[in-house]
>>> print(open('final-v8.csv').read())   # CSV, N, CA and C atoms
chain,number,residue,atom,x,y,z
A,207,LYS,N,0.8,-1.2,0.0
A,207,LYS,CA,0.0,0.0,0.0
A,207,LYS,C,0.8,1.3,0.0
A,208,LEU,N,2.1,1.2,0.6
A,208,LEU,CA,2.9,2.4,0.7
A,208,LEU,C,3.9,2.5,-0.5
A,209,GLY,N,3.9,1.4,-1.4
A,209,GLY,CA,4.8,1.5,-2.5
A,209,GLY,C,6.2,0.8,-2.3
A,210,PHE,N,6.2,0.0,-1.2
A,210,PHE,CA,7.4,-0.7,-0.8
A,210,PHE,C,7.0,-2.2,-0.6
A,211,PRO,N,7.1,-3.0,-1.6
A,211,PRO,CA,6.6,-4.4,-1.4
A,211,PRO,C,7.5,-5.1,-0.3
A,212,THR,N,6.8,-5.9,0.5
A,212,THR,CA,7.5,-6.6,1.6
A,212,THR,C,7.1,-8.1,1.7
A,213,ALA,N,8.1,-8.8,2.2
A,213,ALA,CA,7.8,-10.2,2.6
A,213,ALA,C,7.5,-10.1,4.1
A,214,ASN,N,6.3,-10.6,4.5
A,214,ASN,CA,5.8,-10.5,5.8
A,214,ASN,C,5.8,-11.8,6.5
A,215,MET,N,6.3,-11.8,7.8
A,215,MET,CA,6.3,-13.1,8.5
A,215,MET,C,6.2,-12.9,10.0
A,216,LYS,N,5.9,-13.9,10.7
A,216,LYS,CA,5.9,-13.9,12.2
A,216,LYS,C,7.3,-14.1,12.7
A,217,TYR,N,7.6,-13.6,13.8
A,217,TYR,CA,8.9,-13.8,14.4
A,217,TYR,C,9.0,-15.2,14.9
A,218,PRO,N,10.1,-15.9,14.6
A,218,PRO,CA,10.3,-17.3,15.1
A,218,PRO,C,10.2,-17.4,16.6
A,219,GLU,N,9.4,-18.3,17.1
A,219,GLU,CA,9.2,-18.5,18.6
A,219,GLU,C,10.5,-19.0,19.3
A,220,GLU,N,11.3,-19.7,18.5
A,220,GLU,CA,12.5,-20.3,19.2
A,220,GLU,C,13.7,-19.4,19.2
A,221,ILE,N,13.6,-18.1,18.8
A,221,ILE,CA,14.7,-17.2,18.8
A,221,ILE,C,14.3,-16.1,19.7
A,222,VAL,N,15.3,-15.6,20.5
A,222,VAL,CA,15.1,-14.5,21.5
A,222,VAL,C,14.8,-13.3,20.7
A,223,LYS,N,13.8,-12.6,21.1
A,223,LYS,CA,13.3,-11.4,20.4
A,223,LYS,C,14.3,-10.2,20.5
A,224,ILE,N,14.6,-9.6,19.4
A,224,ILE,CA,15.4,-8.4,19.4
A,224,ILE,C,14.4,-7.2,19.6
A,225,PRO,N,15.0,-6.0,20.0
A,225,PRO,CA,14.1,-4.9,20.2
A,225,PRO,C,13.4,-4.5,18.8
A,226,TYR,N,12.2,-3.9,19.0
A,226,TYR,CA,11.5,-3.4,17.8
A,226,TYR,C,12.4,-2.4,17.1
A,227,GLY,N,12.3,-2.3,15.8
A,227,GLY,CA,13.0,-1.3,15.1
A,227,GLY,C,13.2,-1.6,13.6
A,228,VAL,N,14.0,-0.8,13.0
A,228,VAL,CA,14.3,-1.0,11.6
A,228,VAL,C,15.8,-1.4,11.5
A,229,TYR,N,16.0,-2.4,10.7
A,229,TYR,CA,17.3,-3.1,10.6
A,229,TYR,C,17.8,-3.2,9.2
A,230,LYS,N,19.1,-3.0,9.0
A,230,LYS,CA,19.8,-3.3,7.7
A,230,LYS,C,20.1,-4.8,7.8
A,231,ILE,N,19.7,-5.5,6.7
A,231,ILE,CA,19.9,-7.0,6.7
A,231,ILE,C,20.5,-7.4,5.4
A,232,LYS,N,20.8,-8.6,5.3
A,232,LYS,CA,21.2,-9.3,4.0
A,232,LYS,C,20.3,-10.5,3.8
A,233,VAL,N,19.7,-10.5,2.6
A,233,VAL,CA,18.9,-11.7,2.3
A,233,VAL,C,19.1,-12.0,0.8
A,234,PHE,N,19.2,-13.2,0.4
A,234,PHE,CA,19.5,-13.6,-0.9
A,234,PHE,C,20.8,-12.9,-1.5
A,235,ASP,N,21.8,-12.7,-0.6
A,235,ASP,CA,23.0,-12.0,-1.0
A,235,ASP,C,22.7,-10.6,-1.4
A,236,LYS,N,21.6,-10.0,-1.0
A,236,LYS,CA,21.3,-8.6,-1.3
A,236,LYS,C,21.1,-7.8,0.0
A,237,LEU,N,21.5,-6.5,0.0
A,237,LEU,CA,21.2,-5.7,1.1
A,237,LEU,C,19.7,-5.4,1.1
A,238,ALA,N,19.1,-5.4,2.3
A,238,ALA,CA,17.6,-5.1,2.4
A,238,ALA,C,17.3,-4.4,3.7
A,239,ILE,N,16.1,-4.1,3.9
A,239,ILE,CA,15.6,-3.5,5.1
A,239,ILE,C,14.5,-4.3,5.8
A,240,MET,N,14.6,-4.3,7.1
A,240,MET,CA,13.6,-5.1,7.9
A,240,MET,C,13.0,-4.2,8.9
A,241,ASN,N,11.7,-4.2,9.0
A,241,ASN,CA,11.0,-3.6,10.2
A,241,ASN,C,10.5,-4.8,11.0
A,242,TRP,N,10.8,-4.7,12.3
A,242,TRP,CA,10.3,-5.7,13.3
A,242,TRP,C,9.5,-4.9,14.3
A,243,GLY,N,8.2,-5.2,14.5
A,243,GLY,CA,7.5,-4.5,15.5
A,243,GLY,C,6.0,-4.5,15.2
A,244,ILE,N,5.3,-3.5,15.7
A,244,ILE,CA,3.8,-3.4,15.6
A,244,ILE,C,3.3,-2.4,14.7
A,245,LYS,N,4.2,-1.7,13.9
A,245,LYS,CA,3.8,-0.7,12.9
A,245,LYS,C,2.9,0.3,13.6
A,246,PRO,N,3.4,1.1,14.6
A,246,PRO,CA,2.6,2.0,15.4
A,246,PRO,C,1.8,3.1,14.6
A,247,THR,N,2.3,3.5,13.4
A,247,THR,CA,1.6,4.5,12.6
A,247,THR,C,0.3,3.9,12.0
A,248,ILE,N,0.3,2.6,11.7
A,248,ILE,CA,-0.8,1.9,11.1
A,248,ILE,C,-1.6,1.1,12.2
A,249,GLY,N,-0.8,0.5,13.1
A,249,GLY,CA,-1.4,-0.3,14.2
A,249,GLY,C,-1.6,-1.7,13.7
A,250,ALA,N,-0.8,-2.6,14.2
A,250,ALA,CA,-0.9,-4.0,13.7
A,250,ALA,C,-0.3,-4.9,14.7
A,251,GLU,N,-0.5,-6.2,14.5
A,251,GLU,CA,0.1,-7.2,15.3
A,251,GLU,C,1.6,-7.3,15.1
A,252,GLU,N,2.4,-7.8,16.0
A,252,GLU,CA,3.8,-8.0,15.8
A,252,GLU,C,4.1,-8.7,14.5
A,253,ALA,N,5.0,-8.2,13.7
A,253,ALA,CA,5.4,-8.9,12.5
A,253,ALA,C,6.7,-8.4,12.0
A,254,ILE,N,7.3,-9.2,11.2
A,254,ILE,CA,8.6,-8.9,10.5
A,254,ILE,C,8.1,-8.5,9.0
A,255,GLU,N,8.7,-7.4,8.5
A,255,GLU,CA,8.4,-7.0,7.1
A,255,GLU,C,9.8,-6.8,6.5
A,256,ILE,N,10.1,-7.4,5.4
A,256,ILE,CA,11.4,-7.3,4.7
A,256,ILE,C,11.1,-6.7,3.4
A,257,HIS,N,11.8,-5.6,3.1
A,257,HIS,CA,11.8,-5.0,1.7
A,257,HIS,C,13.2,-5.2,1.1
A,258,ILE,N,13.2,-5.8,-0.1
A,258,ILE,CA,14.4,-6.0,-0.8
A,258,ILE,C,14.4,-5.1,-2.0
A,259,PRO,N,15.1,-4.0,-2.0
A,259,PRO,CA,15.1,-3.1,-3.2
A,259,PRO,C,15.4,-3.7,-4.5
A,260,ASN,N,14.8,-3.3,-5.5
A,260,ASN,CA,15.0,-3.9,-6.9
A,260,ASN,C,14.9,-5.4,-7.0
A,261,PHE,N,13.9,-5.9,-6.3
A,261,PHE,CA,13.7,-7.4,-6.3
A,261,PHE,C,12.2,-7.6,-6.6
A,262,GLU,N,12.0,-8.4,-7.7
A,262,GLU,CA,10.7,-8.6,-8.2
A,262,GLU,C,10.1,-10.0,-8.0
A,263,GLU,N,10.9,-10.9,-7.5
A,263,GLU,CA,10.5,-12.3,-7.4
A,263,GLU,C,9.3,-12.5,-6.4
A,264,ASP,N,8.5,-13.5,-6.7
A,264,ASP,CA,7.4,-13.9,-5.8
A,264,ASP,C,7.9,-14.8,-4.7
A,265,LEU,N,7.7,-14.3,-3.5
A,265,LEU,CA,8.2,-15.1,-2.3
A,265,LEU,C,7.2,-15.8,-1.5
A,266,TYR,N,5.9,-15.8,-2.0
A,266,TYR,CA,4.9,-16.5,-1.3
A,266,TYR,C,5.2,-18.0,-1.1
A,267,GLY,N,5.2,-18.5,0.2
A,267,GLY,CA,5.4,-19.9,0.5
A,267,GLY,C,6.9,-20.3,0.5
A,268,LYS,N,7.8,-19.3,0.2
A,268,LYS,CA,9.2,-19.7,0.2
A,268,LYS,C,9.8,-19.4,1.6
A,269,ALA,N,10.8,-20.2,2.0
A,269,ALA,CA,11.6,-19.9,3.2
A,269,ALA,C,12.6,-18.8,2.9
A,270,ILE,N,12.7,-17.9,3.9
A,270,ILE,CA,13.6,-16.8,3.8
A,270,ILE,C,14.5,-16.8,5.0
A,271,THR,N,15.8,-16.8,4.7
A,271,THR,CA,16.8,-16.7,5.7
A,271,THR,C,17.5,-15.4,5.5
A,272,PHE,N,17.8,-14.7,6.7
A,272,PHE,CA,18.4,-13.4,6.6
A,272,PHE,C,19.4,-13.2,7.7
A,273,GLU,N,20.3,-12.2,7.5
A,273,GLU,CA,21.4,-11.9,8.5
A,273,GLU,C,21.2,-10.4,8.8
A,274,ILE,N,21.1,-10.2,10.1
A,274,ILE,CA,21.0,-8.8,10.6
A,274,ILE,C,22.4,-8.2,10.6
A,275,ILE,N,22.6,-7.0,9.9
A,275,ILE,CA,23.8,-6.3,9.8
A,275,ILE,C,23.9,-5.3,10.9
A,276,SER,N,22.9,-4.4,11.0
A,276,SER,CA,22.9,-3.4,12.0
A,276,SER,C,21.5,-2.8,12.2
A,277,LYS,N,21.3,-2.2,13.4
A,277,LYS,CA,20.0,-1.5,13.6
A,277,LYS,C,20.1,-0.1,13.1
A,278,ILE,N,19.1,0.4,12.4
A,278,ILE,CA,19.1,1.7,11.8
A,278,ILE,C,18.5,2.7,12.8
A,279,ARG,N,17.3,2.3,13.4
A,279,ARG,CA,16.6,3.2,14.3
A,279,ARG,C,15.5,2.4,15.0
A,280,ASP,N,15.0,3.0,16.1
A,280,ASP,CA,13.9,2.4,16.8
A,280,ASP,C,12.6,2.6,16.0
A,281,GLU,N,11.7,1.7,16.3
A,281,GLU,CA,10.4,1.9,15.6
A,281,GLU,C,9.7,3.1,16.2
A,282,LYS,N,9.0,3.9,15.4
A,282,LYS,CA,8.4,5.1,15.8
A,282,LYS,C,7.1,5.3,15.1
A,283,LYS,N,6.2,6.1,15.8
A,283,LYS,CA,4.9,6.4,15.2
A,283,LYS,C,5.1,7.8,14.5
A,284,PHE,N,4.6,7.8,13.2
A,284,PHE,CA,4.6,9.0,12.4
A,284,PHE,C,3.2,9.7,12.4
A,285,ASN,N,3.2,11.0,12.1
A,285,ASN,CA,2.0,11.7,12.1
A,285,ASN,C,1.0,11.3,11.0
A,286,ASN,N,1.6,10.9,9.9
A,286,ASN,CA,0.8,10.5,8.7
A,286,ASN,C,1.6,9.6,7.8
A,287,LEU,N,0.9,9.0,6.8
A,287,LEU,CA,1.6,8.0,6.0
A,287,LEU,C,2.6,8.7,5.1
A,288,GLU,N,2.5,9.9,4.7
A,288,GLU,CA,3.5,10.6,3.9
A,288,GLU,C,4.8,10.7,4.6
A,289,ASP,N,4.7,11.1,5.9
A,289,ASP,CA,5.9,11.2,6.7
A,289,ASP,C,6.6,9.8,6.8
A,290,LEU,N,5.8,8.8,7.0
A,290,LEU,CA,6.3,7.4,7.1
A,290,LEU,C,7.0,7.0,5.8
A,291,LYS,N,6.4,7.3,4.6
A,291,LYS,CA,7.0,7.0,3.3
A,291,LYS,C,8.3,7.7,3.2
A,292,GLU,N,8.4,8.9,3.6
A,292,GLU,CA,9.7,9.7,3.5
A,292,GLU,C,10.8,9.0,4.3
A,293,GLN,N,10.4,8.6,5.5
A,293,GLN,CA,11.4,8.0,6.4
A,293,GLN,C,11.8,6.6,5.8
A,294,ILE,N,10.9,5.9,5.3
A,294,ILE,CA,11.2,4.6,4.7
A,294,ILE,C,12.3,4.8,3.5
A,295,LYS,N,12.1,5.8,2.7
A,295,LYS,CA,13.0,6.1,1.6
A,295,LYS,C,14.4,6.4,2.2
A,296,LYS,N,14.5,7.2,3.3
A,296,LYS,CA,15.8,7.5,3.9
A,296,LYS,C,16.4,6.2,4.5
A,297,ASP,N,15.5,5.3,5.1
A,297,ASP,CA,16.0,4.1,5.7
A,297,ASP,C,16.6,3.2,4.6
A,298,ILE,N,15.9,3.1,3.5
A,298,ILE,CA,16.4,2.3,2.4
A,298,ILE,C,17.8,2.8,1.9
A,299,GLU,N,17.9,4.1,1.8
A,299,GLU,CA,19.2,4.7,1.4
A,299,GLU,C,20.3,4.3,2.3
A,300,LEU,N,20.0,4.3,3.6
A,300,LEU,CA,21.0,3.9,4.6
A,300,LEU,C,21.4,2.4,4.4
A,301,CYS,N,20.4,1.6,4.2
A,301,CYS,CA,20.6,0.2,4.0
A,301,CYS,C,21.5,-0.2,2.8
A,302,LEU,N,21.4,0.6,1.8
A,302,LEU,CA,22.1,0.3,0.6
A,302,LEU,C,23.6,0.8,0.6
A,303,LYS,N,24.0,1.4,1.7
A,303,LYS,CA,25.4,1.9,1.8
A,303,LYS,C,26.3,0.8,2.3
>>> encode(input="final-v8.csv", output="structure tokens")
Amino acid sequence: KLGFPTANMKYPEEIVKIPYGVYKIKVFDKLAIMNWGIKPTIGAEEAIEIHIPNFEEDLYGKAITFEIISKIRDEKKFNNLEDLKEQIKKDIELCLK
């Protein structure tokens, strides 16, 4: 809906939970961005969302393994969806460096 396609999944129960936030990750040997949390601007259940820039493949039903490289920022509530979109663009730029 925001123009950033994501692979969405639940956090694995057998792994200690990391703090909510936005993370630079590596998936399929590509740099990507992951949001882990409750999406406070939209309001949702806990979920992992992974956006892989310039990636068009259908991932439905496929296993995804990723490596966390660094935390970019804490999860935060934005005043509106436009502010959220602008922050996502900045976060993606950081992830691709």
>>> closest_residue(input="final-v8.csv", among="A:Lys216, A:Lys236, A:Lys230, A:Lys291", to="Pro259 in chain A", atoms="only C-alpha atoms")
A:Lys236
>>> closest_residue(input="final-v8.csv", among="A:Leu302, A:Leu265, A:Leu287, A:Met215", to="Ile239 in chain A", atoms="only N, CA and C atoms")
A:Leu302
>>> closest_residue(input="final-v8.csv", among="A:Asn214, A:Gly267, A:Asp297, A:Lys283", to="Ile248 in chain A", atoms="only N, CA and C atoms")
A:Lys283
>>> closest_residue(input="final-v8.csv", among="A:Asn286, A:His257, A:Lys232, A:Ile274", to="Gly209 in chain A", atoms="only C-alpha atoms")
A:His257
>>> atom_distance(input="final-v8.csv", atom1="atom N of Gln293 in chain A", atom2="CA of Pro246 in chain A")
14.2 Å
>>> atom_distance(input="final-v8.csv", atom1="atom C of Tyr226 in chain A", atom2="atom N of Glu273 in chain A")
15.8 Å
>>> atom_distance(input="final-v8.csv", atom1="atom C of Glu251 in chain A", atom2="atom N of Leu237 in chain A")
25.0 Å
>>> closest_residue(input="final-v8.csv", among="A:Ala213, A:Val228, A:Leu208, A:Cys301", to="Lys277 in chain A", atoms="only N, CA and C atoms")
A:Val228
